[in-house]
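One file, coords_1.txt, carrying compact mmCIF, C-alpha atoms and all ligand atoms:
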```
# COMPACT_ATOMS: atom_id res chain seq x y z
CA MET A 223 -10.45 -20.92 -9.09
CA ASP A 224 -8.68 -18.37 -6.88
CA PHE A 225 -10.16 -16.65 -3.83
CA LEU A 226 -10.73 -13.40 -5.71
CA GLU A 227 -10.41 -12.91 -9.47
CA LEU A 228 -10.64 -9.78 -11.59
CA TRP A 229 -11.17 -10.28 -15.30
CA ASP A 230 -10.40 -7.36 -17.60
CA LEU A 231 -12.13 -4.94 -15.27
CA ARG A 232 -12.90 -1.48 -16.57
CA LYS A 233 -14.61 1.64 -15.27
CA GLU A 234 -15.31 4.83 -17.14
CA PHE A 235 -16.75 8.02 -15.68
CA GLY A 236 -17.85 10.01 -18.74
CA ASN A 237 -14.65 10.53 -20.71
CA THR A 238 -12.40 9.50 -17.81
CA VAL A 239 -11.14 5.94 -17.88
CA ALA A 240 -10.54 5.33 -14.16
CA VAL A 241 -9.77 1.61 -14.51
CA ASP A 242 -8.52 0.49 -17.90
CA GLY A 243 -8.90 -3.28 -18.16
CA ILE A 244 -7.12 -4.89 -15.22
CA SER A 245 -6.87 -8.58 -14.42
CA PHE A 246 -5.32 -10.28 -11.42
CA SER A 247 -6.18 -12.75 -8.70
CA VAL A 248 -5.73 -12.77 -4.96
CA GLN A 249 -5.01 -16.02 -3.09
CA GLN A 250 -6.66 -16.88 0.17
CA GLY A 251 -4.44 -15.97 3.14
CA GLU A 252 -2.22 -13.40 1.45
CA VAL A 253 -1.74 -9.68 1.99
CA PHE A 254 -2.07 -8.30 -1.51
CA GLY A 255 -0.88 -4.75 -2.17
CA LEU A 256 -2.29 -2.23 -4.63
CA LEU A 257 0.38 0.44 -4.97
CA GLY A 258 -0.07 3.54 -7.06
CA PRO A 259 -0.04 7.35 -7.01
CA ASN A 260 -3.06 9.67 -6.72
CA GLY A 261 -5.65 8.97 -9.38
CA ALA A 262 -4.21 5.55 -10.32
CA GLY A 263 -7.63 3.92 -9.97
CA LYS A 264 -7.15 2.12 -6.65
CA SER A 265 -10.34 3.31 -4.93
CA THR A 266 -12.41 2.77 -8.06
CA THR A 267 -11.10 -0.81 -8.27
CA ILE A 268 -11.96 -1.36 -4.61
CA SER A 269 -15.47 0.05 -5.02
CA MET A 270 -16.08 -2.45 -7.82
CA LEU A 271 -14.64 -5.31 -5.74
CA CYS A 272 -17.07 -4.47 -2.96
CA GLY A 273 -20.06 -4.33 -5.27
CA LEU A 274 -20.49 -0.58 -4.63
CA LEU A 275 -19.81 0.43 -8.24
CA THR A 276 -20.86 -1.48 -11.35
CA PRO A 277 -17.96 -2.05 -13.78
CA THR A 278 -18.29 -0.67 -17.29
CA ALA A 279 -16.89 -4.02 -18.45
CA GLY A 280 -15.21 -7.07 -17.00
CA LYS A 281 -16.01 -9.49 -14.21
CA ILE A 282 -15.16 -10.14 -10.57
CA TYR A 283 -15.40 -13.53 -8.89
CA LEU A 284 -15.19 -14.04 -5.15
CA LYS A 285 -14.87 -17.68 -4.10
CA GLY A 286 -16.15 -18.68 -7.52
CA LYS A 287 -19.25 -16.49 -7.43
CA GLU A 288 -19.67 -13.38 -9.53
CA VAL A 289 -19.73 -10.13 -7.55
CA THR A 290 -22.55 -7.79 -8.51
CA ARG A 291 -24.19 -4.86 -6.73
CA THR A 292 -26.80 -7.21 -5.35
CA SER A 293 -24.50 -10.07 -4.21
CA GLN A 294 -25.22 -11.07 -0.63
CA GLU A 295 -22.15 -13.33 -0.37
CA ILE A 296 -19.78 -10.37 -0.64
CA LYS A 297 -21.36 -8.61 2.35
CA LYS A 298 -20.69 -11.63 4.60
CA VAL A 299 -17.17 -12.30 3.38
CA LEU A 300 -15.83 -8.78 3.03
CA GLY A 301 -14.91 -5.97 5.41
CA LEU A 302 -14.13 -2.58 3.86
CA VAL A 303 -12.03 0.13 5.46
CA PRO A 304 -12.88 3.11 3.24
CA GLN A 305 -10.41 5.86 2.40
CA ASP A 306 -12.64 8.43 4.13
CA VAL A 307 -13.56 7.82 7.75
CA ALA A 308 -17.21 6.75 8.06
CA LEU A 309 -18.11 7.55 11.68
CA TYR A 310 -20.62 9.73 13.53
CA PRO A 311 -18.61 12.42 15.33
CA SER A 312 -21.14 13.04 18.11
CA LEU A 313 -21.44 9.37 19.06
CA THR A 314 -18.93 7.50 21.21
CA ALA A 315 -16.65 4.84 19.74
CA ARG A 316 -18.79 2.10 21.27
CA GLU A 317 -22.00 3.64 19.88
CA ASN A 318 -20.45 3.94 16.42
CA LEU A 319 -19.31 0.32 16.43
CA THR A 320 -22.68 -0.83 17.75
CA PHE A 321 -24.36 1.03 14.90
CA TRP A 322 -22.13 -0.65 12.31
CA GLY A 323 -22.59 -4.05 13.97
CA LYS A 324 -26.36 -3.71 13.60
CA MET A 325 -25.87 -2.84 9.94
CA TYR A 326 -24.14 -6.21 9.61
CA GLY A 327 -27.12 -7.91 11.28
CA LEU A 328 -25.54 -8.48 14.70
CA SER A 329 -27.53 -8.04 17.91
CA GLY A 330 -27.65 -8.86 21.62
CA SER A 331 -24.70 -10.34 23.46
CA LEU A 332 -22.90 -11.34 20.24
CA LEU A 333 -22.96 -7.70 19.11
CA ALA A 334 -21.60 -6.51 22.48
CA GLU A 335 -18.87 -9.17 22.36
CA ARG A 336 -17.82 -8.21 18.81
CA VAL A 337 -17.74 -4.51 19.70
CA ASP A 338 -15.45 -5.27 22.66
CA GLU A 339 -13.20 -7.37 20.41
CA ALA A 340 -13.07 -4.64 17.78
CA LEU A 341 -12.14 -2.04 20.39
CA GLU A 342 -9.38 -4.31 21.61
CA TYR A 343 -8.06 -4.79 18.04
CA CYS A 344 -7.89 -1.01 17.64
CA GLY A 345 -6.16 -0.61 21.00
CA LEU A 346 -8.89 1.84 22.08
CA SER A 347 -10.85 -0.10 24.72
CA ASP A 348 -10.02 2.58 27.28
CA ARG A 349 -11.48 5.32 25.04
CA ALA A 350 -14.71 3.45 24.19
CA LYS A 351 -16.94 5.93 26.02
CA ASP A 352 -15.43 9.05 24.41
CA ARG A 353 -17.13 10.78 21.53
CA ILE A 354 -15.38 10.37 18.15
CA GLU A 355 -15.05 14.17 17.79
CA THR A 356 -12.57 14.09 20.71
CA TYR A 357 -10.36 11.54 18.90
CA SER A 358 -7.16 12.28 17.00
CA GLY A 359 -7.10 11.56 13.25
CA GLY A 360 -5.14 8.36 13.85
CA MET A 361 -7.60 7.10 16.48
CA LYS A 362 -10.53 7.75 14.10
CA ARG A 363 -8.78 5.68 11.47
CA ARG A 364 -8.23 2.86 13.97
CA ILE A 365 -11.94 2.82 14.92
CA ASN A 366 -12.76 2.88 11.21
CA ILE A 367 -10.83 -0.39 10.93
CA GLY A 368 -12.64 -1.78 13.99
CA ALA A 369 -15.97 -1.12 12.25
CA ALA A 370 -14.91 -3.32 9.34
CA LEU A 371 -13.99 -6.23 11.64
CA LEU A 372 -17.29 -6.64 13.54
CA HIS A 373 -18.69 -9.41 11.36
CA LYS A 374 -15.30 -11.22 11.23
CA PRO A 375 -14.72 -10.88 7.48
CA GLU A 376 -12.59 -13.41 5.58
CA LEU A 377 -11.38 -10.63 3.30
CA LEU A 378 -10.42 -7.19 4.57
CA ILE A 379 -9.98 -4.41 2.02
CA MET A 380 -8.16 -1.33 3.30
CA ASP A 381 -8.03 1.84 1.21
CA GLU A 382 -5.04 3.97 2.26
CA PRO A 383 -5.68 3.45 5.98
CA THR A 384 -2.62 5.39 7.14
CA VAL A 385 -2.79 8.66 5.20
CA GLY A 386 -2.00 11.69 7.32
CA ILE A 387 -1.75 10.03 10.72
CA ASP A 388 0.73 9.97 13.61
CA PRO A 389 3.52 7.37 13.66
CA GLN A 390 2.06 5.57 16.68
CA SER A 391 -1.31 4.95 15.00
CA ARG A 392 0.48 3.99 11.79
CA THR A 393 2.51 1.34 13.59
CA HIS A 394 -0.63 0.12 15.34
CA ILE A 395 -2.48 -0.23 12.04
CA LEU A 396 0.39 -2.06 10.33
CA ASP A 397 0.64 -4.45 13.29
CA THR A 398 -3.13 -5.01 13.19
CA VAL A 399 -2.93 -5.99 9.51
CA LEU A 400 -0.21 -8.56 10.25
CA ARG A 401 -2.10 -9.89 13.28
CA LEU A 402 -5.34 -10.32 11.33
CA ASN A 403 -3.46 -11.99 8.49
CA ALA A 404 -1.78 -14.41 10.92
CA GLU A 405 -5.30 -15.30 12.09
CA GLY A 406 -6.23 -16.23 8.52
CA VAL A 407 -7.76 -13.02 7.15
CA THR A 408 -6.95 -12.28 3.50
CA VAL A 409 -6.08 -8.60 3.07
CA ILE A 410 -6.03 -6.21 0.12
CA TYR A 411 -3.99 -3.19 1.15
CA THR A 412 -4.01 -0.02 -0.91
CA SER A 413 -1.39 2.64 -0.48
CA HIS A 414 0.93 5.05 -2.17
CA TYR A 415 3.51 4.46 0.55
CA MET A 416 6.03 2.07 -0.88
CA GLU A 417 7.52 1.22 2.54
CA GLU A 418 4.17 0.02 3.94
CA VAL A 419 3.44 -2.16 0.96
CA GLU A 420 6.95 -3.64 1.08
CA HIS A 421 6.58 -4.35 4.79
CA LEU A 422 3.12 -5.95 4.64
CA CYS A 423 2.43 -7.50 1.29
CA SER A 424 3.28 -10.92 -0.08
CA ARG A 425 2.48 -9.71 -3.61
CA VAL A 426 2.03 -6.27 -5.09
CA ALA A 427 0.25 -4.88 -8.15
CA ILE A 428 1.68 -1.55 -9.25
CA MET A 429 -1.09 0.61 -10.71
CA ASP A 430 -0.90 3.84 -12.67
CA ARG A 431 -3.46 5.62 -14.82
CA GLY A 432 -5.98 2.80 -14.57
CA LYS A 433 -3.58 0.02 -15.57
CA VAL A 434 -1.63 -2.63 -13.70
CA LEU A 435 1.94 -2.02 -14.84
CA ALA A 436 3.57 -4.88 -12.96
CA LEU A 437 2.63 -7.59 -10.49
CA GLY A 438 4.68 -9.92 -8.35
CA THR A 439 6.48 -10.41 -5.06
CA LYS A 440 8.69 -7.57 -3.89
CA ASP A 441 11.78 -9.47 -5.03
CA GLU A 442 10.32 -10.29 -8.44
CA LEU A 443 9.44 -6.63 -8.99
CA ALA A 444 12.82 -5.41 -7.77
CA LYS A 445 14.54 -7.72 -10.27
CA MET A 446 12.79 -5.83 -13.08
CA VAL A 447 15.12 -2.91 -12.43
CA GLY A 448 18.19 -5.10 -12.16
CA ASP A 449 19.99 -6.07 -9.00
CA ALA A 450 22.31 -3.11 -8.60
CA ASP A 451 22.32 -1.05 -5.41
CA LYS A 452 22.52 2.72 -5.66
CA ILE A 453 25.27 4.37 -3.62
CA GLU A 454 25.02 8.13 -3.21
CA ILE A 455 28.08 9.85 -1.80
CA VAL A 456 27.87 13.51 -0.86
CA VAL A 457 31.30 15.05 -1.50
CA GLY A 458 32.98 18.32 -0.61
CA GLU A 459 34.48 19.01 -4.02
CA SER A 460 34.41 17.68 -7.55
CA ALA A 461 35.15 13.98 -7.72
CA ILE A 462 35.65 13.94 -11.47
CA PRO A 463 39.34 12.88 -11.28
CA ALA A 464 38.29 9.75 -9.35
CA LEU A 465 35.36 8.66 -11.52
CA LYS A 466 37.37 6.63 -14.06
CA GLU A 467 38.98 4.63 -11.28
CA ILE A 468 35.62 3.96 -9.59
CA GLU A 469 34.19 2.83 -12.90
CA ALA A 470 36.96 0.22 -13.14
CA ILE A 471 35.99 -1.43 -9.85
CA PRO A 472 34.40 -4.86 -10.52
CA GLU A 473 30.56 -4.92 -10.65
CA VAL A 474 30.29 -1.13 -10.99
CA GLN A 475 27.66 -0.46 -13.66
CA SER A 476 27.74 3.31 -13.77
CA VAL A 477 29.19 6.37 -12.01
CA SER A 478 28.03 9.94 -12.25
CA ASP A 479 28.88 13.17 -10.48
CA GLY A 480 26.47 16.06 -10.18
CA SER A 481 25.59 18.78 -7.65
CA GLY A 482 28.12 17.47 -5.18
CA VAL A 483 26.75 13.90 -5.21
CA VAL A 484 28.58 10.92 -6.70
CA THR A 485 26.07 8.24 -7.68
CA VAL A 486 27.33 4.70 -8.23
CA LEU A 487 25.22 1.77 -9.44
CA VAL A 488 26.87 -1.42 -8.29
CA LYS A 489 25.95 -4.98 -7.33
CA GLN A 490 26.55 -5.83 -3.68
CA GLY A 491 26.94 -2.18 -2.78
CA HIS A 492 27.76 -2.83 0.86
CA GLU A 493 30.76 -4.98 -0.07
CA ARG A 494 32.05 -2.60 -2.75
CA LEU A 495 31.68 0.56 -0.68
CA PRO A 496 35.10 0.50 1.09
CA GLN A 497 36.90 0.23 -2.27
CA ILE A 498 34.91 3.16 -3.67
CA LEU A 499 35.57 5.33 -0.63
CA GLU A 500 39.27 4.48 -0.77
CA VAL A 501 39.50 5.74 -4.34
CA LEU A 502 37.81 9.01 -3.34
CA LEU A 503 40.06 9.50 -0.31
CA ARG A 504 43.20 8.85 -2.37
CA ALA A 505 42.02 11.48 -4.86
CA GLY A 506 41.72 13.94 -1.96
CA VAL A 507 37.91 14.10 -2.13
CA LYS A 508 36.22 14.81 1.18
CA VAL A 509 33.24 12.49 1.84
CA ARG A 510 30.42 14.12 3.80
CA SER A 511 27.81 11.34 3.84
CA VAL A 512 27.00 8.02 2.20
CA ASN A 513 23.66 6.40 1.44
CA ILE A 514 23.02 2.94 -0.02
CA THR A 515 19.62 2.06 -1.49
CA GLU A 516 18.75 -1.47 -2.54
CA PRO A 517 16.34 -1.87 -5.50
CA ASN A 518 12.83 -1.16 -4.17
CA LEU A 519 9.29 -0.63 -5.40
CA GLU A 520 9.97 3.08 -5.77
CA SER A 521 12.75 2.38 -8.28
CA VAL A 522 10.47 -0.09 -10.09
CA PHE A 523 7.75 2.56 -10.38
CA LEU A 524 10.27 5.13 -11.54
CA SER A 525 11.63 2.82 -14.22
CA LEU A 526 8.11 1.90 -15.43
CA THR A 527 6.68 5.41 -15.57
CA GLY A 528 9.61 7.83 -15.47
CA ARG A 529 7.90 9.47 -12.47
CA ALA A 530 8.24 9.18 -8.69
CA LEU A 531 5.44 7.51 -6.72
CA ARG A 532 4.84 10.56 -4.60
CA ASP A 533 3.93 13.88 -6.10
N1 LIG B 601 -17.18 9.31 -9.18
C1 LIG B 601 -16.29 9.74 -10.06
N2 LIG B 601 -16.63 10.54 -11.09
C2 LIG B 601 -15.74 10.96 -12.00
N3 LIG B 601 -14.42 10.63 -11.98
C3 LIG B 601 -14.00 9.84 -10.98
C4 LIG B 601 -14.90 9.35 -9.97
N4 LIG B 601 -14.21 8.56 -9.12
C5 LIG B 601 -12.93 8.58 -9.56
N5 LIG B 601 -12.81 9.33 -10.67
C6 LIG B 601 -11.56 9.55 -11.46
O1 LIG B 601 -11.01 8.27 -11.71
C7 LIG B 601 -9.58 8.30 -11.57
C8 LIG B 601 -9.15 7.28 -10.55
O2 LIG B 601 -9.59 7.71 -9.27
P1 LIG B 601 -9.41 6.83 -7.94
O3 LIG B 601 -10.11 7.54 -6.85
O4 LIG B 601 -9.84 5.44 -8.23
O5 LIG B 601 -7.83 6.88 -7.74
P2 LIG B 601 -6.94 6.42 -6.49
O6 LIG B 601 -5.86 5.56 -7.03
O7 LIG B 601 -7.82 5.86 -5.43
O8 LIG B 601 -6.28 7.81 -6.02
P3 LIG B 601 -5.94 8.37 -4.54
O9 LIG B 601 -4.58 7.81 -4.20
O10 LIG B 601 -5.89 9.84 -4.75
O11 LIG B 601 -7.03 7.93 -3.61
C9 LIG B 601 -9.23 9.74 -11.25
O12 LIG B 601 -8.90 10.38 -12.45
C10 LIG B 601 -10.52 10.29 -10.68
O13 LIG B 601 -10.61 11.68 -10.89
MG MG B 602 -8.17 6.39 -3.50
```

Could you quickly redo this structure as structure tokens?
Ligand SMILES: Nc1ncnc2c1ncn2[C@@H]1O[C@H](COP(=O)(O)OP(=O)(O)OP(=O)(O)O)[C@@H](O)[C@H]1O
Ligand SMILES: [Mg+2]
Amino acid sequence: MDFLELWDLRKEFGNTVAVDGISFSVQQGEVFGLLGPNGAGKSTTISMLCGLLTPTAGKIYLKGKEVTRTSQEIKKVLGLVPQDVALYPSLTARENLTFWGKMYGLSGSLLAERVDEALEYCGLSDRAKDRIETYSGGMKRRINIGAALLHKPELLIMDEPTVGIDPQSRTHILDTVLRLNAEGVTVIYTSHYMEEVEHLCSRVAIMDRGKVLALGTKDELAKMVGDADKIEIVVGESAIPALKEIEAIPEVQSVSDGSGVVTVLVKQGHERLPQILEVLLRAGVKVRSVNITEPNLESVFLSLTGRALRD
């Protein structure tokens, strides 16, 4: 039995199928990514995992016990960082955290200790006495994470914790996830930012329209789209006379030329690049810039759905 298991989970809202029969399991100690565009069903899945929404069908097991809306086990084990910040603007950060700590049944010196620890995790100890309404969006999100850590959960579920925030808070949040994971916390991380999921997650489920389209490690998923790198070369004039010669270079899978960009799909792009550039130079084509992209989760999503992850 795995740490967390989802069995053919489904949620309908009227005629909308938000989650359309998904099954996967999360191992203890991993950072598991749920990657998908707006409306994919990520938040609905998370609400069911937390016992906040009852599935239309399917089952969830946490540490072998079924999760239902009345499960007590889940409350002890799980910390949720919701997509929308859940804080009282007119209270200070410390007051907010103290409130949430009491909700988790903490009191006295243990509560004070946990609030201090949470503030330290968020990197906001020095702002503890300031009211939340004076915080930046990124700081609010960091305190929101602190609130989920007060009862030291074994499983932390984070629903798009970095949407619309400054780079400094983003980096802080990503570092916090890795730090907590190194301390043994299992994490489910939801995002539509491919880079974050690639950086943090040991395994990723790609979701779209209520379904899990693919699941695996980053490398396993990238292999689904082949192992060719994409080289995009911005050129000053038509490169058509050089295309045949580029195509003949070993390992080149395809070459195209459109809107002033030559796109080459080739294995070991970095090693093949000099040869490709040499052909262009010999043909008198002026190269303005070059970009190499290795197969990534964005290309996997594109190949599975024909759409880009971001709208
Ligand atoms: N309470 C609800 N009532 C009706 N429809 C809902 C409700 N909650 C979600 N939905 C619908 O279910 C689908 C999945 O929504 P969900 O919020 O789970 O997506 P998401 O992947 O979290 O998207 P986002 O990245 O925008 O947060 C959407 O079509 C949404 O409109
Ligand atoms: Mg959501």

| query | Could you state the separation of CA of Thr276 in chain A and CA of Tyr411 in chain A in Å, given to one decimal place? | reply |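 Going from CA of Thr276 in chain A over to CA of Tyr411 in chain A covers 21.1 Å.
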
| request: Find the residues near ligand LIG 601 (chain B). Use a cut-off of 7 Å, count only C-alpha atoms and all ligand atoms, and write them as a list in words. | output: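 Listed by chain and ascending number, the contacts are Phe235, Thr238, Val239, Ala240, Val241, Gly258, Pro259, Asn260, Gly261, Ala262, Gly263, Lys264, Ser265, Thr266, Thr267, His414 and Gly432 of chain A.
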
Centre, edges in Å (one decimal): axis-aligned box, range 373-388 of chain A, 8 Å padding on all six sides, as lines of an AutoDock Vina configuration file:
```
center_x = -9.0
center_y = -0.9
center_z = 7.4
size_x = 35.4
size_y = 41.1
size_z = 28.4
```

| message | Which residues are near range 339-345 of chain A? Cut-off 10 Å, only C-alpha atoms, ignore same chain within fewer than 5 positions. Put them as JSON, numbers by chain. | response | {"A": [315, 316, 319, 333, 334, 350, 361, 362, 363, 364, 365, 366, 367, 368, 369, 370, 371, 372, 373, 374, 391, 394, 395, 397, 398, 401, 402]}

| message | At a cut-off of 12 Å, using only C-alpha atoms, what residues contact Ser312 in chain A? Leave out same-chain residues fewer than 6 positions from it and give the result as number ranges by chain. | response | A: 318, 351-357

Write the residues of the selection above to a file with C-alpha atoms, as an mmCIF file, keeping the file's coordinate frame.
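Everything below was put into selection.cif:
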```cif
data_model
loop_
_atom_site.group_PDB
_atom_site.id
_atom_site.type_symbol
_atom_site.label_atom_id
_atom_site.label_comp_id
_atom_site.auth_asym_id
_atom_site.auth_seq_id
_atom_site.Cartn_x
_atom_site.Cartn_y
_atom_site.Cartn_z
ATOM 1 C CA ASN A 318 -20.450 3.940 16.420
ATOM 2 C CA LYS A 351 -16.940 5.930 26.020
ATOM 3 C CA ASP A 352 -15.430 9.050 24.410
ATOM 4 C CA ARG A 353 -17.130 10.780 21.530
ATOM 5 C CA ILE A 354 -15.380 10.370 18.150
ATOM 6 C CA GLU A 355 -15.050 14.170 17.790
ATOM 7 C CA THR A 356 -12.570 14.090 20.710
ATOM 8 C CA TYR A 357 -10.360 11.540 18.900
#
```

| said: Report as a list in words all protein, DNA and RNA residues lying within 9 Å of Pro472 in chain A, evaluated on all atoms listed in the file, omitting residues in the same chain fewer than 4 positions from it. | reply: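 Selected residues are Ile468, Val488 and Arg494 of chain A.
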
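The interatomic distance for the pair CA of Ser525 in chain A and CA of Lys466 in chain A works out to 26.0 Å.
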
| field | All residues 10 Å or closer to Leu495 in chain A, all atoms listed in the file, same chain fewer than 3 positions away omitted, as a list in words | value | Ile453, Val486, Val488, Gln490, Gly491, His492, Ile498, Leu499, Glu500, Val512 and Ile514 of chain A

Residues from last step as file, C-alpha atoms, as a PDB file, keeping the file's coordinate frame:
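Saved the output as selection-v2.pdb:
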```pdb
ATOM      1  CA  ILE A 453      25.270   4.370  -3.620  1.00  0.00           C
ATOM      2  CA  VAL A 486      27.330   4.700  -8.230  1.00  0.00           C
ATOM      3  CA  VAL A 488      26.870  -1.420  -8.290  1.00  0.00           C
ATOM      4  CA  GLN A 490      26.550  -5.830  -3.680  1.00  0.00           C
ATOM      5  CA  GLY A 491      26.940  -2.180  -2.780  1.00  0.00           C
ATOM      6  CA  HIS A 492      27.760  -2.830   0.860  1.00  0.00           C
ATOM      7  CA  ILE A 498      34.910   3.160  -3.670  1.00  0.00           C
ATOM      8  CA  LEU A 499      35.570   5.330  -0.630  1.00  0.00           C
ATOM      9  CA  GLU A 500      39.270   4.480  -0.770  1.00  0.00           C
ATOM     10  CA  VAL A 512      27.000   8.020   2.200  1.00  0.00           C
ATOM     11  CA  ILE A 514      23.020   2.940  -0.020  1.00  0.00           C
TER      12      ILE A 514
END
```

| query | Between CA of Glu317 in chain A and CA of Asn403 in chain A, what is the distance, to one decimal in Å? | reply |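 Straight-line distance from CA of Glu317 in chain A to CA of Asn403 in chain A works out to 26.8 Å.
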